[in-house]
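Source file: input30.cif. Holds: mmCIF, C-alpha atoms.
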data_structure
#
loop_
_atom_site.label_atom_id
_atom_site.label_comp_id
_atom_site.auth_asym_id
_atom_site.auth_seq_id
_atom_site.Cartn_x
_atom_site.Cartn_y
_atom_site.Cartn_z
CA MET Y 1 0.00 0.00 0.00
CA ARG Y 2 2.91 2.31 0.65
CA LYS Y 3 4.06 2.05 -2.96
CA PHE Y 4 0.56 2.95 -4.06
CA ALA Y 5 0.52 6.02 -1.79
CA ARG Y 6 4.04 7.19 -2.84
CA ARG Y 7 3.48 6.66 -6.55
CA ALA Y 8 0.27 8.62 -6.29
CA ILE Y 9 2.48 11.73 -5.43
CA CYS Y 10 5.26 10.83 -7.83
CA VAL Y 11 4.69 13.84 -10.09
CA ALA Y 12 4.75 16.10 -7.04
CA LEU Y 13 8.02 14.94 -5.56
CA CYS Y 14 9.73 14.47 -8.89
CA CYS Y 15 9.37 18.18 -9.40
CA LEU Y 16 11.14 19.13 -6.19
CA PRO Y 17 14.73 20.10 -6.84
CA ALA Y 18 17.69 19.69 -4.60
CA GLY Y 19 19.77 22.48 -3.15
CA GLU Y 20 22.33 23.62 -0.64
CA ALA Y 21 23.16 26.24 1.89
CA MET Y 22 26.02 28.51 0.83
CA ALA Y 23 28.64 26.01 2.06
CA LEU Y 24 27.30 22.87 0.44
CA ASP Y 25 27.59 21.68 -3.13
CA ALA Y 26 24.40 22.04 -5.19
CA GLN Y 27 25.17 19.13 -7.49
CA SER Y 28 25.82 16.80 -4.54
CA PHE Y 29 22.43 17.79 -3.11
CA ILE Y 30 20.76 17.10 -6.43
CA ASP Y 31 22.51 13.75 -6.87
CA ARG Y 32 21.35 12.61 -3.43
CA PHE Y 33 17.84 13.92 -4.08
CA GLU Y 34 17.66 11.97 -7.35
CA ALA Y 35 18.86 8.81 -5.58
CA ALA Y 36 16.12 9.14 -2.95
CA LEU Y 37 13.44 9.70 -5.58
CA GLU Y 38 14.56 6.75 -7.67
CA LEU Y 39 14.61 4.42 -4.67
CA ASN Y 40 11.17 5.64 -3.62
CA PHE Y 41 9.42 5.37 -6.96
CA GLY Y 42 11.52 3.03 -9.12
CA VAL Y 43 11.68 5.44 -12.06
CA ASP Y 44 14.43 7.56 -13.63
CA PHE Y 45 14.73 11.25 -12.67
CA VAL Y 46 16.88 13.83 -14.46
CA PHE Y 47 17.17 17.41 -13.23
CA GLY Y 48 18.15 20.50 -15.21
CA PRO Y 49 20.77 23.09 -14.22
CA ALA Y 50 20.55 24.58 -10.72
CA LYS Y 51 21.42 28.04 -9.39
CA MET Y 52 21.81 29.32 -5.84
CA LYS Y 53 19.59 32.27 -4.89
CA GLY Y 54 20.09 33.15 -1.25
CA ASP Y 55 19.11 30.16 0.87
CA ALA Y 56 17.25 28.58 -2.05
CA ILE Y 57 18.18 26.61 -5.13
CA VAL Y 58 16.26 27.02 -8.35
CA VAL Y 59 16.34 24.17 -10.85
CA SER Y 60 15.33 24.79 -14.45
CA GLY Y 61 13.30 21.85 -15.71
CA MET Y 62 13.40 18.10 -15.19
CA SER Y 63 12.15 14.83 -16.60
CA VAL Y 64 10.86 11.54 -15.24
CA GLY Y 65 10.54 8.23 -17.07
CA ASP Y 66 11.14 4.49 -16.93
CA PHE Y 67 14.67 3.13 -16.61
CA CYS Y 68 13.84 0.78 -19.47
CA PRO Y 69 11.08 2.50 -21.47
CA TYR Y 70 9.01 0.77 -24.09
CA GLN Y 71 10.15 1.40 -27.64
CA GLY Y 72 9.17 4.91 -28.68
CA ALA Y 73 8.20 6.00 -25.17
CA GLU Y 74 9.62 9.30 -23.96
CA PRO Y 75 9.97 10.65 -20.42
CA LEU Y 76 7.59 13.23 -19.01
CA ARG Y 77 9.32 16.59 -19.31
CA ILE Y 78 8.40 19.52 -17.06
CA ALA Y 79 9.70 23.01 -17.75
CA GLY Y 80 9.77 25.92 -15.36
CA GLU Y 81 11.54 26.86 -12.18
CA LEU Y 82 11.48 24.44 -9.26
CA ARG Y 83 12.49 25.99 -5.95
CA LEU Y 84 13.85 24.39 -2.79
CA ILE Y 85 13.84 26.82 0.15
CA GLY Y 86 15.90 26.91 3.33
CA VAL Y 87 18.46 24.31 2.35
CA SER Y 88 21.15 23.30 4.84
CA GLU Y 89 23.69 20.61 5.68
CA GLY Y 90 23.87 18.99 9.11
CA ALA Y 91 27.00 18.16 11.06
CA ASP Y 92 26.59 14.51 10.03
CA GLY Y 93 26.40 15.43 6.34
CA ALA Y 94 22.61 15.12 6.00
CA TYR Y 95 20.89 17.60 3.71
CA SER Y 96 17.55 19.21 4.50
CA ALA Y 97 15.19 21.87 3.22
CA ARG Y 98 12.32 23.66 4.89
CA ALA Y 99 10.01 23.66 1.87
CA ALA Y 100 9.84 23.12 -1.86
CA THR Y 101 7.46 24.77 -4.30
CA LEU Y 102 6.48 24.47 -7.91
CA PRO Y 103 4.08 26.94 -9.58
CA ALA Y 104 1.33 25.96 -11.98
CA PHE Y 105 2.39 23.94 -15.01
CA GLU Y 106 0.98 21.90 -17.87
CA ALA Y 107 2.54 18.78 -19.34
CA MET Y 108 1.89 16.63 -22.37
CA PHE Y 109 2.91 12.97 -22.36
CA ASP Y 110 5.37 12.44 -25.21
CA GLY Y 111 4.26 9.63 -27.47
CA ALA Y 112 0.67 10.26 -26.35
CA ASP Y 113 0.06 13.91 -27.24
CA ASN Y 114 -3.67 13.50 -26.65
CA ILE Y 115 -3.13 13.13 -22.88
CA ALA Y 116 -2.52 16.28 -20.83
CA LEU Y 117 -1.91 16.98 -17.14
CA SER Y 118 -2.00 20.32 -15.36
CA LEU Y 119 -1.51 21.35 -11.73
CA ALA Y 120 -2.19 24.67 -10.01
CA GLY Y 121 0.78 24.23 -7.71
CA ILE Y 122 2.85 21.94 -5.50
CA GLU Y 123 4.19 22.49 -2.00
CA ALA Y 124 6.30 20.08 0.06
CA TYR Y 125 7.67 20.42 3.58
CA GLY Y 126 10.21 18.69 5.77
CA ILE Y 127 12.67 17.53 3.10
CA TYR Y 128 15.41 15.32 4.58
CA LEU Y 129 18.21 13.48 2.74
CA ALA Y 130 20.24 11.09 4.87
CA PRO Y 131 24.04 11.14 4.63
CA GLY Y 132 26.07 8.41 2.99
CA GLU Y 133 24.75 5.69 0.72
CA MET Y 134 20.98 6.01 0.38
CA SER Y 135 18.83 3.06 1.52
CA VAL Y 136 15.14 2.52 0.78
CA THR Y 137 14.22 3.42 4.37
CA ASP Y 138 16.28 6.62 4.08
CA ALA Y 139 14.36 7.47 0.92
CA ALA Y 140 11.04 6.74 2.62
CA ALA Y 141 11.69 9.55 5.11
CA MET Y 142 12.54 12.20 2.53
CA ALA Y 143 9.38 14.34 2.97
CA GLY Y 144 6.87 14.95 5.74
CA ARG Y 145 4.11 16.62 3.77
CA VAL Y 146 3.19 17.18 0.12
CA ARG Y 147 0.20 19.14 -1.17
CA ILE Y 148 -0.90 19.41 -4.82
CA THR Y 149 -3.77 21.67 -5.86
CA GLY Y 150 -5.83 22.18 -8.99
CA ILE Y 151 -5.23 18.79 -10.61
CA GLU Y 152 -6.70 18.34 -14.09
CA ALA Y 153 -6.25 15.58 -16.65
CA GLY Y 154 -7.62 15.61 -20.17
CA PHE Y 155 -7.88 13.46 -23.27
CA GLU Y 156 -8.15 14.68 -26.86
CA GLY Y 157 -8.55 18.24 -25.60
CA TYR Y 158 -11.42 17.38 -23.23
CA PRO Y 159 -10.98 17.81 -19.46
CA LEU Y 160 -12.12 14.50 -17.98
CA LEU Y 161 -10.74 14.18 -14.46
CA SER Y 162 -9.99 16.80 -11.84
CA ALA Y 163 -9.34 17.06 -8.11
CA GLN Y 164 -9.26 20.04 -5.80
CA ALA Y 165 -6.28 18.84 -3.80
CA LEU Y 166 -4.07 15.87 -3.06
CA GLU Y 167 -2.36 15.85 0.33
CA PHE Y 168 0.19 13.36 1.63
CA ASN Y 169 1.39 13.35 5.24
CA SER Y 170 4.05 11.01 6.59
CA SER Y 171 5.44 10.61 10.10
CA HIS Y 172 8.41 8.47 11.05
CA MET Y 173 9.68 6.71 14.17
CA PRO Y 174 12.25 7.72 15.10
CA GLU Y 175 12.45 11.14 13.45
CA PRO Y 176 14.78 11.28 10.41
CA GLY Y 177 18.37 11.51 11.58
CA ASP Y 178 17.67 10.01 15.02
CA GLY Y 179 18.26 6.36 14.16
CA GLU Y 180 17.10 3.47 11.97
CA LEU Y 181 13.51 3.80 10.80
CA THR Y 182 11.16 1.41 12.64
CA ARG Y 183 7.66 2.67 11.79
CA ILE Y 184 5.98 4.78 9.11
CA SER Y 185 2.50 6.29 9.39
CA ASP Y 186 1.09 7.72 6.16
CA THR Y 187 -2.14 9.35 5.06
CA LEU Y 188 -3.02 10.21 1.47
CA THR Y 189 -6.21 12.09 0.67
CA ILE Y 190 -7.59 13.31 -2.65
CA ALA Y 191 -10.47 15.72 -2.15
CA GLY Y 192 -12.98 17.02 -4.66
CA ILE Y 193 -12.48 14.40 -7.38
CA THR Y 194 -14.70 14.96 -10.43
CA LEU Y 195 -14.92 12.50 -13.32
CA ASP Y 196 -16.79 13.53 -16.47
CA LEU Y 197 -18.05 10.04 -17.18
CA ALA Y 198 -20.39 11.08 -20.00
CA THR Y 199 -17.58 12.71 -21.99
CA LEU Y 200 -15.30 9.75 -21.29
CA LEU Y 201 -17.91 7.34 -22.67
CA GLU Y 202 -18.33 9.54 -25.74
CA GLN Y 203 -14.57 9.42 -26.34
CA PHE Y 204 -14.76 5.63 -26.34
CA TRP Y 205 -17.54 5.72 -28.93
CA MET Y 206 -20.39 4.58 -26.72
CA PRO Y 207 -23.83 4.99 -28.34
CA PRO Y 208 -25.39 8.43 -27.74
CA ASP Y 209 -28.57 6.85 -26.30
CA PHE Y 210 -26.54 5.02 -23.68
CA VAL Y 211 -24.61 8.17 -22.75
CA ALA Y 212 -27.90 10.05 -22.41
CA ALA Y 213 -29.25 7.30 -20.14
CA VAL Y 214 -26.12 7.56 -17.97
CA GLU Y 215 -26.75 11.28 -17.57
CA ASP Y 216 -30.47 10.80 -16.91
CA ASN Y 217 -29.63 8.45 -14.04
CA GLY Y 218 -27.35 11.00 -12.42
CA LEU Y 219 -24.12 9.28 -13.41
CA GLY Y 220 -22.85 11.68 -16.08
CA THR Y 221 -20.58 13.37 -13.56
CA ILE Y 222 -19.06 11.40 -10.69
CA ASN Y 223 -17.95 13.32 -7.59
CA ALA Y 224 -15.75 11.43 -5.15
CA ASN Y 225 -13.12 11.54 -2.43
CA PHE Y 226 -10.27 9.13 -1.82
CA ALA Y 227 -8.33 8.33 1.35
CA LEU Y 228 -5.53 5.91 2.13
CA SER Y 229 -3.88 5.44 5.51
CA GLN Y 230 -1.34 2.99 6.82
CA ASP Y 231 0.63 2.25 9.95
CA TRP Y 232 3.64 0.26 8.75
CA ALA Y 233 5.90 -1.45 11.28
CA LEU Y 234 9.37 -2.14 9.91
CA THR Y 235 10.45 -4.49 12.71
CA GLU Y 236 9.89 -8.25 12.99
CA GLY Y 237 6.75 -9.34 14.82
CA GLU Y 238 5.09 -5.92 14.83
CA ALA Y 239 1.66 -5.66 13.18
CA SER Y 240 0.92 -3.27 10.30
CA THR Y 241 -2.44 -2.06 9.03
CA GLY Y 242 -3.75 -0.19 6.02
CA THR Y 243 -7.12 1.19 4.95
CA LEU Y 244 -8.23 2.47 1.54
CA THR Y 245 -11.57 4.24 1.10
CA LEU Y 246 -13.27 5.56 -2.02
CA GLY Y 247 -16.44 7.54 -1.42
CA ILE Y 248 -18.78 8.54 -4.27
CA GLU Y 249 -21.12 11.46 -3.58
CA ASP Y 250 -24.77 10.30 -3.70
CA GLY Y 251 -23.44 6.87 -4.62
CA GLY Y 252 -21.66 4.76 -2.04
CA ARG Y 253 -18.45 4.06 -0.16
CA LEU Y 254 -15.96 1.24 -0.75
CA THR Y 255 -13.42 0.38 1.97
CA LEU Y 256 -10.53 -2.08 1.87
CA ASP Y 257 -8.88 -3.06 5.18
CA LEU Y 258 -5.65 -5.05 5.35
CA GLY Y 259 -3.27 -6.22 8.06
CA TRP Y 260 0.17 -7.77 7.65
CA LEU Y 261 3.37 -8.90 9.35
CA GLY Y 262 6.93 -9.39 8.13
CA TYR Y 263 7.46 -6.45 5.76
CA THR Y 264 10.50 -5.33 7.71
CA ALA Y 265 13.16 -2.81 6.81
CA GLU Y 266 15.57 -5.67 6.07
CA VAL Y 267 13.11 -7.39 3.71
CA TRP Y 268 12.32 -4.11 1.99
CA GLN Y 269 15.99 -3.27 1.48
CA GLU Y 270 17.02 -6.74 0.33
CA SER Y 271 14.11 -7.17 -2.08
CA SER Y 272 14.76 -3.83 -3.79
CA GLN Y 273 18.52 -3.31 -3.62
CA HIS Y 274 19.56 -5.87 -6.23
CA LEU Y 275 16.78 -4.76 -8.57
CA ASN Y 276 17.76 -1.09 -8.27
CA GLU Y 277 21.39 -1.93 -8.96
CA LEU Y 278 20.43 -3.90 -12.07
CA TYR Y 279 18.27 -1.13 -13.49
CA SER Y 280 21.07 1.39 -13.03
CA THR Y 281 23.81 -0.80 -14.56
CA THR Y 282 22.19 -3.34 -16.94
CA ASP Y 283 21.54 -2.83 -20.63
CA CYS Y 284 17.76 -2.70 -21.07
CA ALA Y 285 18.12 -5.11 -23.99
CA ASN Y 286 18.83 -7.84 -21.41
CA SER Y 287 15.15 -8.08 -20.55
CA ALA Y 288 15.44 -11.69 -19.36
CA ILE Y 289 17.87 -10.66 -16.59
CA LEU Y 290 15.63 -7.81 -15.48
CA LEU Y 291 12.47 -9.93 -15.52
CA ALA Y 292 14.19 -12.65 -13.50
CA ALA Y 293 15.34 -10.07 -10.95
CA GLU Y 294 11.84 -8.65 -10.66
CA GLU Y 295 10.40 -12.13 -10.07
CA GLN Y 296 13.08 -12.83 -7.47
CA SER Y 297 12.18 -9.61 -5.68
CA TRP Y 298 8.47 -10.42 -5.69
CA GLN Y 299 9.15 -13.95 -4.47
CA MET Y 300 11.18 -12.61 -1.58
CA LEU Y 301 8.27 -10.39 -0.55
CA ARG Y 302 5.76 -13.23 -0.90
CA ASN Y 303 7.93 -15.45 1.30
CA ALA Y 304 8.32 -12.81 4.01
CA ILE Y 305 4.97 -11.02 4.31
CA GLU Y 306 2.06 -12.60 6.16
CA LEU Y 307 -1.58 -11.59 5.84
CA THR Y 308 -3.27 -11.12 9.22
CA HIS Y 309 -6.69 -9.82 8.17
CA ALA Y 310 -8.51 -8.54 5.10
CA SER Y 311 -11.98 -7.27 4.29
CA VAL Y 312 -13.83 -5.36 1.58
CA ARG Y 313 -16.87 -3.38 2.67
CA TYR Y 314 -19.34 -1.50 0.49
CA ARG Y 315 -21.92 0.93 1.89
CA ASP Y 316 -24.54 1.88 -0.67
CA ASN Y 317 -26.18 5.27 -1.03
CA SER Y 318 -28.28 4.87 -4.21
CA LEU Y 319 -25.49 3.78 -6.61
CA ALA Y 320 -26.76 0.18 -6.82
CA SER Y 321 -30.29 1.21 -7.73
CA LYS Y 322 -28.97 3.68 -10.34
CA LEU Y 323 -26.90 0.99 -12.01
CA VAL Y 324 -29.79 -1.49 -12.00
CA THR Y 325 -32.10 1.12 -13.53
CA LEU Y 326 -29.49 1.99 -16.17
CA ALA Y 327 -29.06 -1.68 -17.11
CA ALA Y 328 -32.82 -2.20 -17.29
CA GLU Y 329 -33.24 0.76 -19.63
CA ALA Y 330 -30.36 -0.37 -21.84
CA GLN Y 331 -31.80 -3.90 -22.12
CA GLY Y 332 -35.45 -2.89 -22.37
CA VAL Y 333 -36.53 -4.99 -19.38
CA ASP Y 334 -37.81 -4.25 -15.87
CA THR Y 335 -35.52 -3.80 -12.86
CA ALA Y 336 -36.65 -7.07 -11.25
CA THR Y 337 -35.37 -9.00 -14.26
CA VAL Y 338 -32.02 -7.19 -14.09
CA THR Y 339 -31.75 -7.80 -10.35
CA ARG Y 340 -32.28 -11.54 -10.75
CA ALA Y 341 -29.83 -11.78 -13.63
CA LEU Y 342 -27.25 -9.66 -11.82
CA GLY Y 343 -27.50 -11.82 -8.71
CA LYS Y 344 -26.84 -14.98 -10.73
CA THR Y 345 -23.94 -13.36 -12.60
CA LEU Y 346 -22.21 -12.02 -9.48
CA THR Y 347 -22.64 -15.34 -7.69
CA HIS Y 348 -21.17 -17.22 -10.64
CA GLU Y 349 -18.24 -14.83 -11.10
CA LEU Y 350 -17.23 -14.89 -7.44
CA ALA Y 351 -17.34 -18.69 -7.45
CA ALA Y 352 -15.35 -18.81 -10.70
CA PHE Y 353 -12.57 -16.83 -9.03
CA GLY Y 354 -12.55 -19.27 -6.14
CA LEU Y 355 -14.15 -16.81 -3.73
CA GLY Y 356 -17.01 -19.12 -2.77
CA ASP Y 357 -20.76 -19.35 -3.20
CA HIS Y 358 -22.25 -16.23 -1.64
CA GLY Y 359 -25.53 -16.27 -3.52
CA ASP Y 360 -27.72 -15.76 -0.44
CA ALA Y 361 -25.80 -12.66 0.67
CA ILE Y 362 -25.76 -11.23 -2.86
CA THR Y 363 -29.50 -11.78 -3.30
CA ALA Y 364 -30.21 -10.18 0.08
CA PHE Y 365 -28.09 -7.16 -0.80
CA LEU Y 366 -29.68 -6.63 -4.23
CA SER Y 367 -33.15 -6.93 -2.68
CA ASP Y 368 -32.35 -4.15 -0.20
CA PRO Y 369 -29.04 -2.54 -1.16
CA GLN Y 370 -27.56 -0.99 1.95
CA GLY Y 371 -24.18 -2.65 2.33
CA PHE Y 372 -22.05 -5.71 1.62
CA LEU Y 373 -19.08 -7.15 3.51
CA LEU Y 374 -16.62 -9.78 2.27
CA SER Y 375 -14.04 -10.71 4.89
CA ALA Y 376 -11.29 -13.24 5.52
CA ASN Y 377 -11.34 -15.26 8.74
CA LEU Y 378 -7.80 -16.49 9.29
CA ALA Y 379 -6.98 -18.86 12.13
CA ALA Y 380 -3.37 -17.61 11.99
CA PRO Y 381 -1.29 -15.23 9.84
CA MET Y 382 -0.71 -16.68 6.37
CA ARG Y 383 2.24 -15.99 4.07
CA PHE Y 384 1.40 -14.61 0.64
CA SER Y 385 3.55 -17.34 -0.92
CA GLN Y 386 1.29 -19.93 0.71
CA ILE Y 387 -1.77 -18.17 -0.67
CA SER Y 388 -0.23 -17.96 -4.14
CA ASP Y 389 0.92 -21.58 -4.17
CA ALA Y 390 -2.46 -22.83 -2.99
CA PHE Y 391 -4.28 -20.78 -5.62
CA ASN Y 392 -2.00 -22.11 -8.37
CA ALA Y 393 -2.67 -25.64 -7.09
CA GLY Y 394 -6.42 -25.12 -7.47
CA VAL Y 395 -7.30 -24.67 -3.79
CA PRO Y 396 -10.34 -22.35 -3.56
CA ILE Y 397 -9.46 -19.01 -1.99
CA ASP Y 398 -12.62 -19.03 0.13
CA THR Y 399 -11.52 -22.28 1.77
CA LEU Y 400 -7.95 -21.06 2.26
CA LEU Y 401 -8.89 -17.67 3.77
CA GLY Y 402 -12.21 -18.63 5.33
CA LEU Y 403 -14.12 -16.02 3.32
CA THR Y 404 -17.59 -15.03 4.50
CA ALA Y 405 -20.07 -12.57 3.03
CA ARG Y 406 -22.77 -10.56 4.79
CA ALA Y 407 -25.50 -8.40 3.32
CA ASN Y 408 -26.32 -5.06 4.96
CA PRO Y 409 -24.03 -5.42 8.02
CA PRO Y 410 -23.81 -2.57 10.54
CA ASP Y 411 -20.93 -0.12 10.06
#
Represent the supplied structure as structure tokens.
Amino acid sequence: MRKFARRAICVALCCLPAGEAMALDAQSFIDRFEAALELNFGVDFVFGPAKMKGDAIVVSGMSVGDFCPYQGAEPLRIAGELRLIGVSEGADGAYSARAATLPAFEAMFDGADNIALSLAGIEAYGIYLAPGEMSVTDAAAMAGRVRITGIEAGFEGYPLLSAQALEFNSSHMPEPGDGELTRISDTLTIAGITLDLATLLEQFWMPPDFVAAVEDNGLGTINANFALSQDWALTEGEASTGTLTLGIEDGGRLTLDLGWLGYTAEVWQESSQHLNELYSTTDCANSAILLAAEEQSWQMLRNAIELTHASVRYRDNSLASKLVTLAAEAQGVDTATVTRALGKTLTHELAAFGLGDHGDAITAFLSDPQGFLLSANLAAPMRFSQISDAFNAGVPIDTLLGLTARANPPD
């Protein structure tokens, strides 16, 4: 979940330049900043020239892309001045900055000129770059807060997705510079999300009558909010938890809860170090070596991390009835017919994925859509490698995890 949260702010942090106080070397600051970013996000960062201005460094332009891009793919290039404010160097050689800012900018994705991204501004606070060789846990503590405002994304000249603000907050135990990192607590929120679903469907050549029906059922524009939080223990035997929630205005709320053990600092470092070294030194033409290293890294994580609990909860607020009505209108049948057919389809699909026969709970939910809960009931923590091996051997997931489903449970 942490990777999801940190990649979600990748564009923000990638735009934050490195700098120095008057006594420190600007290029050294930038090199260390790039190393932290690349460890954090697993992509290639390149900064433009930097100039000292008082206690700030201004960097002119940068780019971000894959270490081994697909043929014809180009990195995302961002022009403009990126400013890091209040830079300094500690007695131990650590670099820090009070804040970093980037004014409004627009970017087109090279190789896909029909996709555009614009931001009203970026602010970040509490920048810290550990001295010496950068580890993944050092990189994880590089920023305490990031805020992005006025996010807009468009396709073929049409604005389709926007958000008022994205805010990421991260706290660390102990504080950066006070010892080896043992716990990370993160929150990521995206407020005021708006998706122009009607225009998106038009761009994918959906029939005009269907698009009109989507709008008539109040689904032409989707307003939502997103939140992700996690408390990640990096020491052996300590429990970690994470929660992801997507709330749709006048629609419903979907919540995923997870708990795990074993994703320690040592496992994190070991699983990523070899892969990072390969990407920085290996010819991208040697794809077999890189793919084998990626699989080795994933296998290490699967062998180390144990699932302690998991659940998916949906709380309905009219979205289910809107979708049933839309399907009925599209098929020219009544809602009762759609409800029966949908119940059979969902029951069959869940069973086909090995998630069990939950027909009674599905039928009860569709008859009175208030909420639905699918949860694992583990007798003991279970390694992800055990789950994966059992699934590949044909063991039903519902049997392995003790899955149960409930219709309309209390919050």
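Proximity of Y:Thr221, Y:Ser60, Y:Gln230, Y:Ser287 to His172 in chain Y, computed with all atoms listed in the file, is greatest for Y:Gln230.
For the residues Y:Leu129, Y:Leu373, Y:Ile397, Y:Ala227, ranking by smallest atom-to-atom distance to Leu350 in chain Y using all atoms listed in the file places Y:Ile397 first.
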Selection near Leu181 in chain Y, 9 Å with only C-alpha atoms, sequence-local residues under 3 positions removed, as a PyMOL selection string: chain Y and resi 137-138+141+172-176+178+184+234+265
Shell around Thr149 in chain Y at 10 Å using only C-alpha atoms, local window under 4 positions removed, as a PyMOL selection string: chain Y and resi 104+118-123+162-167+190-191
Selected residue, from Y:Phe45, Y:Tyr158, Y:Phe372, Y:Tyr263, that lies nearest to Ala407 in chain Y when counting only C-alpha atoms: Y:Phe372
Neighbour list for range 383-395 of chain Y as a VMD selection string, cut-off 6 Å, all atoms listed in the file, skip fewer than 4 positions in-chain: chain Y and resid 302 to 303 305 to 306
Chain and number of each residue from the PyMOL selection byres ((chain Y and resi 232) around 12), as a PyMOL selection string: chain Y and resi 1-3+137+140+170-173+181-187+229-231+233-243+258-265+268
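Across the structure, CA of Gly154 in chain Y and CA of Ile115 in chain Y are spaced 5.8 Å apart.
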Shell of 8 Å around Ala330 in chain Y, all atoms listed in the file, local chain residues under 2 positions omitted, as a PyMOL selection string: chain Y and resi 210+213+326-328+332
Residues matched by the PyMOL selection byres ((chain Y and resi 317) around 7), written as an MDAnalysis selection string: chainID Y and resid 250:252 315:316 318:319
Expansion of the PyMOL selection byres ((chain Y and resi 325) around 12) into residues, as a PyMOL selection string: chain Y and resi 213-214+216-219+318-324+326-339+342
Thr245 in chain Y surroundings by all atoms listed in the file, 6 Å radius, close-in-sequence under 2 positions cut, as an MDAnalysis selection string: chainID Y and resid 226:227 254:255
As AutoDock Vina command-line options, what would the box around range 38-42 of chain Y look like: edges along x, y and z, 8 Å added on every side, centre and edge lengths in Å to one decimal?
--center_x 12.0 --center_y 4.9 --center_z -6.4 --size_x 21.2 --size_y 19.7 --size_z 21.5
Distance in Å - CA of Asn223 in chain Y versus CA of Ala198 in chain Y: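 Distance reported for this atom pair: 12.8 Å.
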Best match for closeness to Thr347 in chain Y among Y:Ala405, Y:Glu295, Y:Glu249, Y:Asp25, counting only C-alpha atoms: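 Checking each candidate against Thr347 in chain Y, we get Y:Ala405 as the closest.
Distances to Phe155 in chain Y were evaluated for Y:Leu188, Y:Leu346, Y:Ala116, Y:Val136 using only C-alpha atoms, and the minimum falls at Y:Ala116.
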Within-10 Å shell of (15.4, 6.1, -12.8) in input frame, all atoms listed in the file, as a list in words: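 These residues have at least one counted atom within 10 Å: Glu34, Ala35, Leu37, Glu38, Leu39, Phe41, Gly42, Val43, Asp44, Phe45, Val46, Val64, Gly65, Asp66, Phe67, Cys68, Asn276, Tyr279 and Ser280 of chain Y.
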Interatomic distance (Å, one decimal) between CA of Arg147 in chain Y and CA of Leu200 in chain Y: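 Computed distance, CA of Arg147 in chain Y to CA of Leu200 in chain Y, equals 27.1 Å.
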Nearest residue to Glu202 in chain Y from the set Y:Glu156, Y:Gly247, Y:Ala91, Y:Met142 (distances using all atoms listed in the file): Y:Glu156
